[in-house]
>>> print(open('protein_5.csv').read())   # CSV, C-alpha atoms
chain,number,residue,atom,x,y,z
A,1,MET,CA,114.7,138.6,106.5
A,2,SER,CA,117.0,140.5,108.7
A,3,ASP,CA,114.1,142.7,109.8
A,4,LEU,CA,112.2,139.7,111.0
A,5,LEU,CA,115.1,138.6,113.3
A,6,LYS,CA,114.8,141.9,115.2
A,7,ARG,CA,111.1,141.5,115.9
A,8,PRO,CA,110.2,140.1,119.4
A,9,ALA,CA,107.2,138.2,118.1
A,10,PHE,CA,109.4,136.4,115.5
A,11,ILE,CA,111.9,135.6,118.2
A,12,VAL,CA,109.1,134.1,120.4
A,13,LEU,CA,107.9,132.0,117.4
A,14,ALA,CA,111.5,130.8,116.7
A,15,VAL,CA,112.0,129.8,120.3
A,16,LEU,CA,108.7,127.9,120.4
A,17,ALA,CA,109.6,126.2,117.1
A,18,LEU,CA,113.0,125.1,118.5
A,19,VAL,CA,111.3,123.7,121.7
A,20,GLY,CA,108.8,121.8,119.5
A,21,ILE,CA,111.6,120.4,117.4
A,22,GLY,CA,113.4,119.3,120.6
A,23,CYS,CA,110.3,117.5,121.9
A,24,TRP,CA,109.8,115.9,118.5
A,25,VAL,CA,113.4,114.5,118.6
A,26,TYR,CA,112.6,113.2,122.1
A,27,GLN,CA,109.5,111.6,120.7
A,28,LEU,CA,111.5,110.0,117.9
A,29,ALA,CA,114.0,108.6,120.4
A,30,THR,CA,111.3,107.4,122.9
A,31,GLY,CA,108.3,106.6,120.9
A,32,LEU,CA,104.6,107.7,120.8
A,33,ALA,CA,104.2,106.4,124.3
A,34,ILE,CA,105.2,109.9,125.6
A,35,THR,CA,101.9,111.2,124.1
A,36,GLY,CA,98.5,110.7,125.6
A,37,MET,CA,97.6,108.2,122.8
A,38,SER,CA,97.2,104.5,123.3
A,39,ASN,CA,95.8,101.4,121.6
A,40,ALA,CA,92.4,102.6,122.8
A,41,ASN,CA,92.9,106.1,121.4
A,42,SER,CA,95.3,105.7,118.5
A,43,TRP,CA,94.7,109.3,117.2
A,44,GLY,CA,94.9,112.5,119.2
A,45,LEU,CA,96.0,116.1,119.1
A,46,TYR,CA,98.2,115.6,116.0
A,47,ILE,CA,95.3,114.4,113.8
A,48,ILE,CA,93.0,117.0,115.3
A,49,MET,CA,95.4,119.7,114.2
A,50,PHE,CA,95.9,118.0,110.8
A,51,MET,CA,92.2,118.1,110.1
A,52,PHE,CA,92.0,121.7,111.4
A,53,PHE,CA,94.8,123.1,109.3
A,54,VAL,CA,93.8,121.3,106.1
A,55,GLY,CA,90.5,123.1,106.5
A,56,LEU,CA,92.2,126.5,107.3
A,57,SER,CA,94.1,126.2,104.1
A,58,ALA,CA,90.9,126.2,102.0
A,59,GLY,CA,89.7,129.8,102.4
A,60,GLY,CA,92.7,131.5,101.0
A,61,LEU,CA,93.1,129.4,97.9
A,62,ILE,CA,89.4,129.4,97.1
A,63,VAL,CA,89.2,133.2,97.4
A,64,ALA,CA,92.3,133.7,95.2
A,65,SER,CA,91.2,131.2,92.5
A,66,SER,CA,87.7,132.6,92.4
A,67,ALA,CA,89.1,135.9,91.2
A,68,SER,CA,90.2,134.2,87.9
A,69,VAL,CA,87.7,131.3,87.6
A,70,PHE,CA,84.5,133.4,88.4
A,71,HIS,CA,86.0,136.7,87.3
A,72,ILE,CA,85.5,138.3,90.8
A,73,GLU,CA,88.0,141.1,90.2
A,74,ARG,CA,87.7,142.5,93.8
A,75,PHE,CA,89.2,139.3,95.2
A,76,LYS,CA,92.5,140.0,93.3
A,77,ALA,CA,93.3,142.7,95.8
A,78,VAL,CA,93.8,140.0,98.6
A,79,ALA,CA,94.9,137.1,96.4
A,80,MET,CA,98.5,137.3,97.5
A,81,PRO,CA,98.0,137.2,101.3
A,82,ALA,CA,95.3,134.5,100.7
A,83,VAL,CA,97.6,132.2,98.8
A,84,ILE,CA,100.5,132.8,101.3
A,85,LEU,CA,98.1,131.9,104.1
A,86,SER,CA,96.9,128.8,102.3
A,87,THR,CA,100.6,127.7,101.7
A,88,ALA,CA,101.6,128.1,105.3
A,89,CYS,CA,98.5,126.2,106.6
A,90,ILE,CA,98.9,123.2,104.2
A,91,CYS,CA,102.6,123.0,105.2
A,92,VAL,CA,101.5,122.8,108.9
A,93,ALA,CA,98.9,120.1,108.0
A,94,GLY,CA,101.6,118.0,106.3
A,95,MET,CA,104.0,118.4,109.2
A,96,PHE,CA,101.3,117.1,111.6
A,97,VAL,CA,101.0,113.9,109.5
A,98,LEU,CA,104.7,113.3,109.6
A,99,VAL,CA,104.8,113.9,113.4
A,100,ASP,CA,101.9,111.5,113.9
A,101,LEU,CA,103.7,108.7,112.0
A,102,GLY,CA,106.0,108.4,115.0
A,103,SER,CA,109.3,107.6,113.3
A,104,ILE,CA,111.3,108.5,110.2
A,105,GLN,CA,111.2,104.8,109.1
A,106,ASN,CA,107.5,105.0,108.7
A,107,ILE,CA,107.8,107.8,106.2
A,108,TRP,CA,110.1,105.6,104.1
A,109,ARG,CA,107.7,102.7,104.3
A,110,ILE,CA,104.9,104.8,102.8
A,111,LEU,CA,107.2,105.7,99.9
A,112,ALA,CA,108.7,102.2,99.4
A,113,GLY,CA,105.5,100.2,99.8
A,114,PRO,CA,102.5,102.4,99.2
A,115,ASN,CA,99.1,101.0,99.9
A,116,PHE,CA,96.9,102.4,97.2
A,117,ALA,CA,93.8,101.3,99.0
A,118,SER,CA,94.6,103.6,101.9
A,119,PRO,CA,92.8,106.9,102.0
A,120,LEU,CA,95.8,108.3,104.0
A,121,LEU,CA,98.0,107.7,100.9
A,122,TRP,CA,95.4,109.4,98.7
A,123,ASP,CA,95.4,112.4,101.1
A,124,MET,CA,99.2,112.7,101.1
A,125,CYS,CA,99.2,112.7,97.3
A,126,VAL,CA,96.5,115.3,97.1
A,127,ILE,CA,98.2,117.5,99.8
A,128,ALA,CA,101.5,117.3,97.7
A,129,CYS,CA,99.6,118.5,94.6
A,130,TYR,CA,97.9,121.2,96.7
A,131,LEU,CA,101.2,122.5,98.0
A,132,ILE,CA,102.7,122.5,94.4
A,133,ILE,CA,99.7,124.5,93.2
A,134,ASN,CA,100.2,127.0,96.0
A,135,ILE,CA,103.8,127.4,95.2
A,136,LEU,CA,103.2,127.8,91.4
A,137,TYR,CA,100.5,130.4,92.3
A,138,LEU,CA,102.9,132.4,94.3
A,139,VAL,CA,105.6,132.2,91.6
A,140,PHE,CA,103.2,133.4,88.9
A,141,MET,CA,101.6,136.1,90.9
A,142,SER,CA,104.9,137.6,91.9
A,143,SER,CA,106.4,137.4,88.4
A,144,LYS,CA,106.7,140.5,86.3
A,145,LYS,CA,107.2,138.6,83.1
A,146,GLU,CA,104.7,138.8,80.2
A,147,GLY,CA,102.1,136.1,80.3
A,148,ALA,CA,102.3,135.7,84.1
A,149,GLU,CA,98.6,136.7,84.5
A,150,ARG,CA,97.5,134.1,82.0
A,151,LYS,CA,99.4,131.4,83.9
A,152,VAL,CA,97.7,132.5,87.1
A,153,ALA,CA,94.3,132.1,85.3
A,154,ILE,CA,95.3,128.6,84.1
A,155,ILE,CA,96.5,127.4,87.6
A,156,SER,CA,93.3,128.7,89.1
A,157,ARG,CA,91.3,126.2,87.1
A,158,PHE,CA,93.2,123.4,88.8
A,159,ALA,CA,93.4,125.1,92.2
A,160,LEU,CA,89.7,125.2,92.9
A,161,PRO,CA,88.9,121.5,92.4
A,162,ILE,CA,92.1,120.4,94.2
A,163,ALA,CA,91.1,122.7,97.2
A,164,ILE,CA,87.7,120.9,97.4
A,165,LEU,CA,89.3,117.4,96.8
A,166,VAL,CA,91.9,117.7,99.5
A,167,HIS,CA,89.2,118.2,102.1
A,168,SER,CA,87.0,115.5,100.7
A,169,VAL,CA,89.8,113.0,100.8
A,170,THR,CA,90.6,114.0,104.4
A,171,ALA,CA,86.9,113.3,105.2
A,172,TRP,CA,87.2,109.9,103.5
A,173,ILE,CA,90.0,108.9,105.9
A,174,PHE,CA,87.3,108.9,108.6
A,175,GLY,CA,84.2,108.1,106.6
A,176,LEU,CA,85.5,104.9,105.2
A,177,GLN,CA,86.3,103.4,108.6
A,178,ILE,CA,83.1,101.6,109.4
A,179,ALA,CA,84.6,100.3,112.7
A,180,LYS,CA,84.3,103.8,114.3
A,181,GLU,CA,80.9,105.2,115.4
A,182,GLY,CA,80.0,108.6,114.2
A,183,TRP,CA,82.4,108.6,111.2
A,184,TYR,CA,80.8,106.5,108.5
A,185,THR,CA,78.3,109.0,107.1
A,186,ALA,CA,77.5,109.8,103.5
A,187,ILE,CA,77.8,113.6,104.1
A,188,MET,CA,81.2,113.5,105.9
A,189,ALA,CA,82.9,115.0,102.8
A,190,PRO,CA,80.4,117.9,102.4
A,191,ILE,CA,80.6,118.6,106.2
A,192,PHE,CA,84.4,118.8,105.9
A,193,VAL,CA,84.3,121.1,102.8
A,194,ALA,CA,81.7,123.4,104.4
A,195,SER,CA,83.7,123.7,107.7
A,196,ALA,CA,86.9,124.3,105.7
A,197,MET,CA,85.2,127.1,103.8
A,198,ASP,CA,84.0,129.0,106.8
A,199,SER,CA,87.2,128.4,109.0
A,200,GLY,CA,89.6,129.2,106.2
A,201,LEU,CA,87.7,132.3,105.2
A,202,ALA,CA,87.4,133.4,108.8
A,203,LEU,CA,91.2,133.0,109.3
A,204,LEU,CA,91.8,135.0,106.2
A,205,LEU,CA,89.6,137.8,107.5
A,206,CYS,CA,91.5,137.8,110.8
A,207,VAL,CA,94.9,137.9,109.0
A,208,LEU,CA,93.7,140.7,106.7
A,209,ALA,CA,92.5,142.8,109.7
A,210,GLY,CA,95.9,142.2,111.3
A,211,LEU,CA,97.8,143.3,108.2
A,212,ASN,CA,95.5,146.4,107.9
A,213,LYS,CA,96.3,147.3,111.5
A,214,SER,CA,100.1,147.0,110.8
A,215,GLY,CA,99.8,149.6,108.1
A,216,ARG,CA,101.9,147.6,105.7
A,217,PHE,CA,99.0,146.2,103.7
A,218,LYS,CA,95.6,147.7,103.0
A,219,ALA,CA,92.4,145.6,102.2
A,220,ASP,CA,89.5,147.7,101.2
A,221,LYS,CA,86.8,147.9,103.9
A,222,SER,CA,84.0,147.2,101.5
A,223,LEU,CA,85.9,144.1,100.3
A,224,MET,CA,86.2,143.0,104.0
A,225,SER,CA,82.5,143.5,104.3
A,226,MET,CA,81.9,141.4,101.2
A,227,LEU,CA,84.0,138.6,102.5
A,228,ALA,CA,82.2,138.7,105.8
A,229,GLY,CA,78.9,138.3,103.9
A,230,LEU,CA,80.4,135.2,102.2
A,231,LEU,CA,81.5,133.9,105.5
A,232,GLY,CA,77.9,134.3,106.9
A,233,THR,CA,76.7,132.2,104.0
A,234,CYS,CA,79.3,129.5,104.6
A,235,ILE,CA,78.4,129.3,108.2
A,236,ALA,CA,74.7,128.8,107.3
A,237,VAL,CA,75.7,125.9,104.9
A,238,ASP,CA,77.9,124.3,107.5
A,239,ALA,CA,75.1,124.5,110.1
A,240,PHE,CA,72.7,122.9,107.7
A,241,PHE,CA,74.9,119.9,107.1
A,242,ILE,CA,75.5,119.5,110.8
A,243,GLY,CA,71.8,119.8,111.5
A,244,CYS,CA,71.1,117.1,108.9
A,245,GLU,CA,73.6,114.8,110.6
A,246,LEU,CA,72.2,115.4,114.0
A,247,LEU,CA,68.7,114.8,112.9
A,248,THR,CA,69.7,111.5,111.3
A,249,MET,CA,71.4,110.4,114.5
A,250,ALA,CA,68.6,111.4,116.8
A,251,TYR,CA,65.7,109.9,114.8
A,252,PRO,CA,64.2,106.8,116.5
A,253,GLY,CA,65.6,103.6,115.1
A,254,ALA,CA,68.5,105.3,113.2
A,255,GLY,CA,71.0,103.8,115.7
A,256,GLY,CA,72.9,107.0,116.4
A,257,ALA,CA,71.4,107.8,119.8
A,258,GLU,CA,74.4,106.5,121.8
A,259,VAL,CA,76.9,108.6,119.7
A,260,LEU,CA,74.7,111.7,120.0
A,261,ALA,CA,74.5,111.2,123.8
A,262,ILE,CA,78.3,111.2,124.0
A,263,MET,CA,78.5,114.3,121.9
A,264,ALA,CA,75.8,116.2,123.7
A,265,ALA,CA,76.3,115.1,127.3
A,266,GLY,CA,79.5,113.1,127.4
A,267,PRO,CA,83.2,114.0,127.8
A,268,VAL,CA,83.3,115.9,124.5
A,269,ALA,CA,80.1,117.9,125.2
A,270,PRO,CA,81.9,121.2,126.0
A,271,PHE,CA,83.5,121.2,122.6
A,272,PHE,CA,80.3,120.2,120.9
A,273,TRP,CA,78.2,122.9,122.4
A,274,PHE,CA,80.8,125.6,122.0
A,275,GLU,CA,81.0,124.7,118.3
A,276,ILE,CA,77.2,124.8,117.9
A,277,ILE,CA,76.6,128.0,119.9
A,278,GLY,CA,79.9,129.9,119.7
A,279,GLY,CA,81.1,128.7,116.3
A,280,LEU,CA,77.8,128.8,114.4
A,281,VAL,CA,74.9,130.6,116.0
A,282,VAL,CA,76.7,133.6,117.5
A,283,PRO,CA,78.8,134.4,114.4
A,284,PHE,CA,75.9,134.0,112.1
A,285,CYS,CA,73.7,136.3,114.2
A,286,ILE,CA,76.6,138.9,114.0
A,287,LEU,CA,77.2,138.6,110.3
A,288,VAL,CA,73.6,138.4,109.1
A,289,PHE,CA,73.3,142.2,109.6
A,290,ALA,CA,74.9,144.5,107.0
A,291,LYS,CA,75.8,147.1,109.6
A,292,ASN,CA,77.8,144.5,111.6
A,293,ARG,CA,79.7,143.4,108.5
A,294,ALA,CA,80.8,147.0,108.1
A,295,ASN,CA,82.3,146.9,111.6
A,296,ILE,CA,85.8,145.4,111.4
A,297,ALA,CA,85.9,144.6,115.1
A,298,LEU,CA,82.7,142.6,114.9
A,299,VAL,CA,83.8,140.8,111.8
A,300,VAL,CA,87.1,139.8,113.5
A,301,THR,CA,85.2,138.7,116.6
A,302,ALA,CA,82.8,136.5,114.5
A,303,SER,CA,85.7,135.1,112.5
A,304,ALA,CA,87.7,134.2,115.6
A,305,LEU,CA,84.7,132.4,117.0
A,306,VAL,CA,84.3,130.5,113.8
A,307,VAL,CA,87.9,129.4,113.8
A,308,ALA,CA,87.6,128.3,117.5
A,309,GLY,CA,84.3,126.6,116.8
A,310,VAL,CA,85.8,124.5,113.9
A,311,PHE,CA,88.7,123.5,116.1
A,312,CYS,CA,86.2,122.3,118.7
A,313,LYS,CA,84.4,120.4,115.9
A,314,ARG,CA,87.6,118.6,115.0
A,315,VAL,CA,88.0,117.6,118.7
A,316,TRP,CA,84.5,116.2,119.2
A,317,LEU,CA,84.5,114.6,115.8
A,318,LEU,CA,87.7,112.6,116.5
A,319,LEU,CA,87.3,111.8,120.1
A,320,THR,CA,83.7,110.8,120.1
A,321,ALA,CA,84.5,107.8,117.9
A,322,PHE,CA,87.1,106.6,120.5
A,323,ALA,CA,84.7,106.9,123.4
A,324,ALA,CA,83.1,103.5,122.7
A,325,PRO,CA,85.8,100.8,122.2
A,326,ASN,CA,85.6,98.3,119.3
A,327,LEU,CA,86.3,95.4,121.7
A,328,GLU,CA,84.4,94.9,124.9
A,329,GLY,CA,84.7,92.4,127.7
A,330,ALA,CA,87.4,91.3,130.1
A,331,PRO,CA,90.3,91.7,130.3
A,332,GLY,CA,89.8,94.7,127.9
A,333,ILE,CA,92.4,96.4,125.7
A,334,ALA,CA,96.2,96.3,126.0
A,335,LEU,CA,96.8,100.0,126.1
A,336,GLY,CA,100.4,100.0,125.0
A,337,THR,CA,101.4,102.9,127.3
A,338,PHE,CA,104.4,103.1,129.5
A,339,ALA,CA,102.3,102.0,132.5
A,340,ALA,CA,100.9,99.1,130.4
A,341,GLN,CA,104.4,97.9,129.5
A,342,GLU,CA,105.1,97.3,133.2
A,343,GLY,CA,102.6,94.4,133.0
A,344,GLY,CA,100.0,93.4,135.6
A,345,THR,CA,96.5,94.8,135.7
A,346,ALA,CA,97.8,98.2,134.5
A,347,MET,CA,98.2,96.9,131.0
A,348,TRP,CA,94.5,96.3,130.5
A,349,SER,CA,91.6,98.8,130.3
A,350,VAL,CA,88.0,98.3,129.3
A,351,TYR,CA,87.7,102.0,128.2
A,352,GLY,CA,90.6,104.2,127.1
A,353,THR,CA,91.0,107.8,128.0
A,354,TYR,CA,92.9,110.5,126.2
A,355,ALA,CA,94.5,113.8,127.2
A,356,PRO,CA,97.5,115.4,125.4
A,357,THR,CA,100.7,115.3,127.3
A,358,PHE,CA,103.1,118.3,127.7
A,359,PRO,CA,105.6,117.1,125.0
A,360,GLU,CA,102.6,116.5,122.7
A,361,ILE,CA,101.3,120.0,123.3
A,362,MET,CA,104.7,121.6,122.8
A,363,ILE,CA,105.2,119.7,119.5
A,364,ALA,CA,101.9,121.0,118.3
A,365,ILE,CA,102.7,124.5,119.3
A,366,GLY,CA,106.1,124.2,117.7
A,367,VAL,CA,104.6,123.0,114.4
A,368,VAL,CA,102.1,125.9,114.4
A,369,SER,CA,105.0,128.3,115.1
A,370,VAL,CA,106.9,127.0,112.1
A,371,GLY,CA,103.8,127.6,110.0
A,372,ALA,CA,103.5,131.2,111.3
A,373,ILE,CA,107.2,131.7,110.5
A,374,ILE,CA,106.6,130.4,107.0
A,375,PHE,CA,103.7,132.9,106.5
A,376,TRP,CA,105.7,135.8,107.9
A,377,ALA,CA,108.8,135.1,105.9
A,378,ILE,CA,107.0,134.6,102.5
A,379,ALA,CA,104.8,137.7,103.2
A,380,GLN,CA,107.8,139.8,104.1
A,381,ARG,CA,109.5,138.7,100.8
A,382,LEU,CA,106.6,138.9,98.4
A,383,MET,CA,104.1,141.4,99.9
A,384,LEU,CA,104.9,143.4,103.0
A,385,ALA,CA,108.2,144.7,101.7
A,386,LYS,CA,106.5,146.2,98.7
A,387,VAL,CA,103.8,148.6,100.1
A,388,PRO,CA,102.0,150.2,97.2
A,389,ALA,CA,101.7,153.9,97.2
A,390,ALA,CA,98.3,155.4,97.8
A,391,PRO,CA,96.7,156.5,94.5
A,392,VAL,CA,96.5,160.2,94.0
A,393,PRO,CA,92.9,161.4,93.1
A,394,ALA,CA,92.6,162.9,89.6
A,395,ALA,CA,91.4,166.2,91.0
A,396,SER,CA,94.6,166.5,93.1
A,397,GLN,CA,96.7,165.7,90.0
A,398,GLU,CA,95.0,168.4,88.0
A,399,GLY,CA,95.6,170.9,90.9
A,400,ALA,CA,99.2,170.0,91.1
A,401,ALA,CA,99.6,170.4,87.4
A,402,THR,CA,98.0,173.9,87.5
A,403,GLN,CA,100.3,175.0,90.3
A,404,ALA,CA,103.3,173.8,88.4
A,405,VAL,CA,102.2,175.9,85.4
>>> encode(input="protein_5.csv", output="structure tokens")
Amino acid sequence: MSDLLKRPAFIVLAVLALVGIGCWVYQLATGLAITGMSNANSWGLYIIMFMFFVGLSAGGLIVASSASVFHIERFKAVAMPAVILSTACICVAGMFVLVDLGSIQNIWRILAGPNFASPLLWDMCVIACYLIINILYLVFMSSKKEGAERKVAIISRFALPIAILVHSVTAWIFGLQIAKEGWYTAIMAPIFVASAMDSGLALLLCVLAGLNKSGRFKADKSLMSMLAGLLGTCIAVDAFFIGCELLTMAYPGAGGAEVLAIMAAGPVAPFFWFEIIGGLVVPFCILVFAKNRANIALVVTASALVVAGVFCKRVWLLLTAFAAPNLEGAPGIALGTFAAQEGGTAMWSVYGTYAPTFPEIMIAIGVVSVGAIIFWAIAQRLMLAKVPAAPVPAASQEGAATQAV
């Protein structure tokens, strides 16, 4: 840990984390009115980041558990960094839920009076199970005791369905709200799982490439190419589900034309088109060719585009539903913002708008910085401090033995 404190990047992350914590304390003292959210847009950047990081946590755990469940031995080489990444991401996702609750008292209310009909409670329970599984995974993989490998194989049987369930329950938080346009769709859960697969796997590839470049961990180039091929398949599945949804919305009489217009030509259009073109089409066109999958730079480029594209998907998915208010007509909606609290005409609005404020952005950056510190600290403890020696070819061993004789 002392080595980390000497690294400039770690110091920057620590400073950003402290600034974020300071802004969060300010939010606790002042209220959510310091954010860009209002009664018209009750969810914003925090929930976008929550959805995003729940998805990012998927790739690592699914790759690691597949090594045991489906006997894909090659995945074992990257199982440790994959699970560490998954653990850090699910911690970040959980922190964004706590930040969005607004006050410590609300956390206590969830524990003291849980509403078992609420998908949000389901999600918190599944996330807690998911985090426990990740921690057990790390404990068993790092253990040198006899039977540790068998325990890893057992926990893998639970990890894979939980990884799918955590993204499905997150989707149900939105899909079961029939009051919001664009959310109540039967394939919301498959869309979330598919985008979680490609974004999580893409982030894992970026992290593996970074660890390779650092020289303190080596992932085989052919394995990276194999994972890139799997990413290409996940992108195709994700694109298929989105295409099915768009076709259903655009079909005459389906009733989704208004929502589709907001997505394609409204305020969220830049995010929508970047996700379609930059997050799906371009990465797939790169990874569909075997020679490109053998080029680490192209793989990282495609992976970064996928991660950015899924983030844009979370933005347009959330904000499109708030573009059309549930209540129309004068005098409109009482926004609940600082300006609205002053009374007069400022308290009412027919249509709400949303843009994250500076404290809101700094809190989000601070939470992500904490997640990066978690990954870095665990990796330093379990993986980076123990660099395996390069294997000596058999021919070289024979030559050395001959010289010794």
>>> closest_residue(input="protein_5.csv", among="A:Leu131, A:Ala265, A:Leu18, A:Leu32", to="Ile365 of chain A", atoms="only C-alpha atoms")
A:Leu18
>>> residues_around(input="protein_5.csv", residues="Ala77 of chain A", least_positions_apart="5", cutoff="10 Å", atoms="only C-alpha atoms", output="list in words")
Ala64, Ala67, Ala82, Lys218, Ala219, Asp220 and Leu223 of chain A
>>> residues_around(input="protein_5.csv", residues="segment 186-190 of chain A", least_positions_apart="6", cutoff="9 Å", atoms="only C-alpha atoms", output="list in words")
His167, Ser168, Val169, Thr170, Ala171, Trp172, Phe174, Gly175, Asp238, Phe241, Cys244 and Glu245 of chain A
>>> residues_around(input="protein_5.csv", residues="Val99 of chain A", least_positions_apart="3", cutoff="10 Å", atoms="all atoms listed in the file", output="PyMOL selection string")
chain A and resi 24+27-28+32+46-47+94-96+102-104+107+360+363-364+367
>>> residues_near_point(input="protein_5.csv", point="(86.4, 109.4, 121.8)", cutoff="10 Å", atoms="only C-alpha atoms", output="list in words")
Ala40, Asn41, Trp43, Gly44, Lys180, Glu181, Gly182, Val259, Ile262, Met263, Gly266, Pro267, Val268, Val315, Trp316, Leu317, Leu318, Leu319, Thr320, Ala321, Phe322, Ala323, Ala324, Pro325, Tyr351, Gly352, Thr353 and Tyr354 of chain A
>>> write_last_selection(input="protein_5.csv", atoms="C-alpha atoms", output="mmCIF file, keeping the file's coordinate frame")
data_model
loop_
_atom_site.group_PDB
_atom_site.id
_atom_site.type_symbol
_atom_site.label_atom_id
_atom_site.label_comp_id
_atom_site.auth_asym_id
_atom_site.auth_seq_id
_atom_site.Cartn_x
_atom_site.Cartn_y
_atom_site.Cartn_z
ATOM 1 C CA ALA A 40 92.400 102.600 122.800
ATOM 2 C CA ASN A 41 92.900 106.100 121.400
ATOM 3 C CA TRP A 43 94.700 109.300 117.200
ATOM 4 C CA GLY A 44 94.900 112.500 119.200
ATOM 5 C CA LYS A 180 84.300 103.800 114.300
ATOM 6 C CA GLU A 181 80.900 105.200 115.400
ATOM 7 C CA GLY A 182 80.000 108.600 114.200
ATOM 8 C CA VAL A 259 76.900 108.600 119.700
ATOM 9 C CA ILE A 262 78.300 111.200 124.000
ATOM 10 C CA MET A 263 78.500 114.300 121.900
ATOM 11 C CA GLY A 266 79.500 113.100 127.400
ATOM 12 C CA PRO A 267 83.200 114.000 127.800
ATOM 13 C CA VAL A 268 83.300 115.900 124.500
ATOM 14 C CA VAL A 315 88.000 117.600 118.700
ATOM 15 C CA TRP A 316 84.500 116.200 119.200
ATOM 16 C CA LEU A 317 84.500 114.600 115.800
ATOM 17 C CA LEU A 318 87.700 112.600 116.500
ATOM 18 C CA LEU A 319 87.300 111.800 120.100
ATOM 19 C CA THR A 320 83.700 110.800 120.100
ATOM 20 C CA ALA A 321 84.500 107.800 117.900
ATOM 21 C CA PHE A 322 87.100 106.600 120.500
ATOM 22 C CA ALA A 323 84.700 106.900 123.400
ATOM 23 C CA ALA A 324 83.100 103.500 122.700
ATOM 24 C CA PRO A 325 85.800 100.800 122.200
ATOM 25 C CA TYR A 351 87.700 102.000 128.200
ATOM 26 C CA GLY A 352 90.600 104.200 127.100
ATOM 27 C CA THR A 353 91.000 107.800 128.000
ATOM 28 C CA TYR A 354 92.900 110.500 126.200
#
